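Visitor: I'd like to ask some things about the structure below.
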Amino acid sequence: MGKIYINENQSLVLDMIKIYQPVDYDWMSYLITVKNILTFHHIIEQSQHGLTTIENGALITKKGHRVLNILSKEDYPLYRAWNDLFKDINQSMLPPNEEHKNEMQMLKKYSQKKIYGN
């Protein structure tokens with residue numbers, strides 16, 4: 001068997017999984033599945049000189065990442081609200097608490113309404 005290579009983002013996802021211990025859902029309340037895997041989201045975008053660090057990252061699935069990419073163009077205040085939540089979770093260095101989960105549900109509802117109209 002050959003070597004398995006992972007990039008810096010993948011390595012950080014593994015580190016963040018150890019810290020935040022996600023079980024079923026990402027930080028946007030999307031179900032983690034084999035087809036909807038966890039990814040590393042830069043809170044401060046790399047194009048804005050955001051670093052690839054745990055403190056500047058969020059554990060979101062591929063679907064969550066697509067939603068955030070749309071929001072960054074269609075509803076920037078909602079995009080910022082998500083990133084503020086991610087910062088708050090990172091500051092705790094613990095899995096998301098009930099307050100975080102409630103905010104996730106509220107933001108997810110607004111996000112889905114913005115993107116899907118429902």
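Ordering of the structure tokens sets the chain letters (A, B, ...), residue numbers begin anew at 1 in every chain, and ligands are numbered from 1 in the order given.
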Excluding region 68-81 of chain A and residues on its chain fewer than 3 positions from it, collect all residues at most 9 Å away from it, counting only C-alpha atoms, and give them as a PyMOL selection string.
Guide: chain A and resi 43+63-65+84-86+107+110-111+114-115
Visitor: Apply DSSP to the structure's backbone, then extract all residues of region 6-99 of chain A labelled alpha helix (DSSP H) and return them as a VMD selection string.
Guide: chain A and resid 8 to 20 62 to 74 76 to 92 98 to 99
Visitor: So, with only C-alpha atoms as the atoms that count, which of A:Thr61, A:Asn83, A:Ser11, A:Thr52 lies closest to Asn36 (chain A)?
Guide: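 So, comparing all the options, the nearest one is A:Thr61.
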Visitor: Have a look at A:Ser29, A:Gln21, A:Asn56, A:Asn9 and name the one nearest to Asn102 (chain A); count only C-alpha atoms.
Guide: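 Looking only at the distances to Asn102 (chain A), the closest residue turns out to be A:Ser29.
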Visitor: By how many Å are CA of Phe40 (chain A) and CA of Leu59 (chain A) apart?
Guide: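 CA of Leu59 (chain A) lies 5.5 Å from CA of Phe40 (chain A).
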Visitor: Pick out each residue of chain A that DSSP on the backbone tags as strand (DSSP E or B); I need them as a PyMOL selection string.
Guide: chain A and resi 25+31+38-42+57-61
Visitor: Would you mind exporting N, CA, C and O atoms of the selected residues as a PDB file, in the first residue's frame?
Guide:
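Once written, part.pdb looks like this:
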```pdb
ATOM      1  N   TYR A  25     -23.464  16.015  13.030  1.00  0.00           N
ATOM      2  CA  TYR A  25     -23.720  17.265  12.325  1.00  0.00           C
ATOM      3  C   TYR A  25     -22.510  18.190  12.349  1.00  0.00           C
ATOM      4  O   TYR A  25     -21.739  18.192  13.298  1.00  0.00           O
ATOM      5  N   LEU A  31     -26.060  17.282   8.115  1.00  0.00           N
ATOM      6  CA  LEU A  31     -25.699  15.914   8.448  1.00  0.00           C
ATOM      7  C   LEU A  31     -24.366  15.534   7.788  1.00  0.00           C
ATOM      8  O   LEU A  31     -24.169  15.779   6.595  1.00  0.00           O
ATOM      9  N   LEU A  38     -16.819  16.316   6.123  1.00  0.00           N
ATOM     10  CA  LEU A  38     -16.362  17.547   6.747  1.00  0.00           C
ATOM     11  C   LEU A  38     -15.237  18.175   5.936  1.00  0.00           C
ATOM     12  O   LEU A  38     -14.369  17.479   5.405  1.00  0.00           O
ATOM     13  N   THR A  39     -15.275  19.504   5.868  1.00  0.00           N
ATOM     14  CA  THR A  39     -14.236  20.271   5.192  1.00  0.00           C
ATOM     15  C   THR A  39     -13.790  21.394   6.116  1.00  0.00           C
ATOM     16  O   THR A  39     -14.426  21.664   7.130  1.00  0.00           O
ATOM     17  N   PHE A  40     -12.724  22.057   5.748  1.00  0.00           N
ATOM     18  CA  PHE A  40     -12.197  23.183   6.510  1.00  0.00           C
ATOM     19  C   PHE A  40     -12.638  24.475   5.831  1.00  0.00           C
ATOM     20  O   PHE A  40     -12.354  24.695   4.660  1.00  0.00           O
ATOM     21  N   HIS A  41     -13.334  25.314   6.575  1.00  0.00           N
ATOM     22  CA  HIS A  41     -13.755  26.626   6.074  1.00  0.00           C
ATOM     23  C   HIS A  41     -12.893  27.691   6.725  1.00  0.00           C
ATOM     24  O   HIS A  41     -12.735  27.707   7.943  1.00  0.00           O
ATOM     25  N   HIS A  42     -12.321  28.570   5.912  1.00  0.00           N
ATOM     26  CA  HIS A  42     -11.558  29.708   6.427  1.00  0.00           C
ATOM     27  C   HIS A  42     -12.537  30.814   6.838  1.00  0.00           C
ATOM     28  O   HIS A  42     -13.266  31.327   5.992  1.00  0.00           O
ATOM     29  N   GLY A  57     -10.684  28.512  11.494  1.00  0.00           N
ATOM     30  CA  GLY A  57     -11.377  27.465  10.766  1.00  0.00           C
ATOM     31  C   GLY A  57     -12.712  27.087  11.354  1.00  0.00           C
ATOM     32  O   GLY A  57     -13.012  27.381  12.512  1.00  0.00           O
ATOM     33  N   ALA A  58     -13.511  26.450  10.531  1.00  0.00           N
ATOM     34  CA  ALA A  58     -14.799  25.912  10.952  1.00  0.00           C
ATOM     35  C   ALA A  58     -14.967  24.537  10.319  1.00  0.00           C
ATOM     36  O   ALA A  58     -14.547  24.312   9.183  1.00  0.00           O
ATOM     37  N   LEU A  59     -15.588  23.635  11.069  1.00  0.00           N
ATOM     38  CA  LEU A  59     -15.864  22.296  10.569  1.00  0.00           C
ATOM     39  C   LEU A  59     -17.238  22.279   9.914  1.00  0.00           C
ATOM     40  O   LEU A  59     -18.264  22.232  10.590  1.00  0.00           O
ATOM     41  N   ILE A  60     -17.237  22.353   8.602  1.00  0.00           N
ATOM     42  CA  ILE A  60     -18.499  22.307   7.874  1.00  0.00           C
ATOM     43  C   ILE A  60     -18.404  21.270   6.762  1.00  0.00           C
ATOM     44  O   ILE A  60     -17.322  20.953   6.275  1.00  0.00           O
ATOM     45  N   THR A  61     -19.550  20.766   6.382  1.00  0.00           N
ATOM     46  CA  THR A  61     -19.596  19.763   5.323  1.00  0.00           C
ATOM     47  C   THR A  61     -19.509  20.422   3.949  1.00  0.00           C
ATOM     48  O   THR A  61     -19.588  21.651   3.827  1.00  0.00           O
TER      49      THR A  61
END
```
Visitor: So which one's closest to Ile37 (chain A), A:Ser92, A:Leu14, A:Lys62, A:Ile54? Using only C-alpha atoms, please.
Guide: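 Ranked by minimum distance to Ile37 (chain A), first place goes to A:Lys62.
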Visitor: Quick one: of A:Val23, A:Asp88, A:Val13, A:Ile32, who's nearest to Thr53 (chain A), counting only C-alpha atoms?
Guide: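 Nearest candidate to Thr53 (chain A) out of A:Val23, A:Asp88, A:Val13, A:Ile32: A:Val13.
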Visitor: One decimal, in Å: what's the spacing between CA of Trp27 (chain A) and CA of Glu45 (chain A)?
Guide: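 Going from CA of Trp27 (chain A) over to CA of Glu45 (chain A), I get 17.3 Å.
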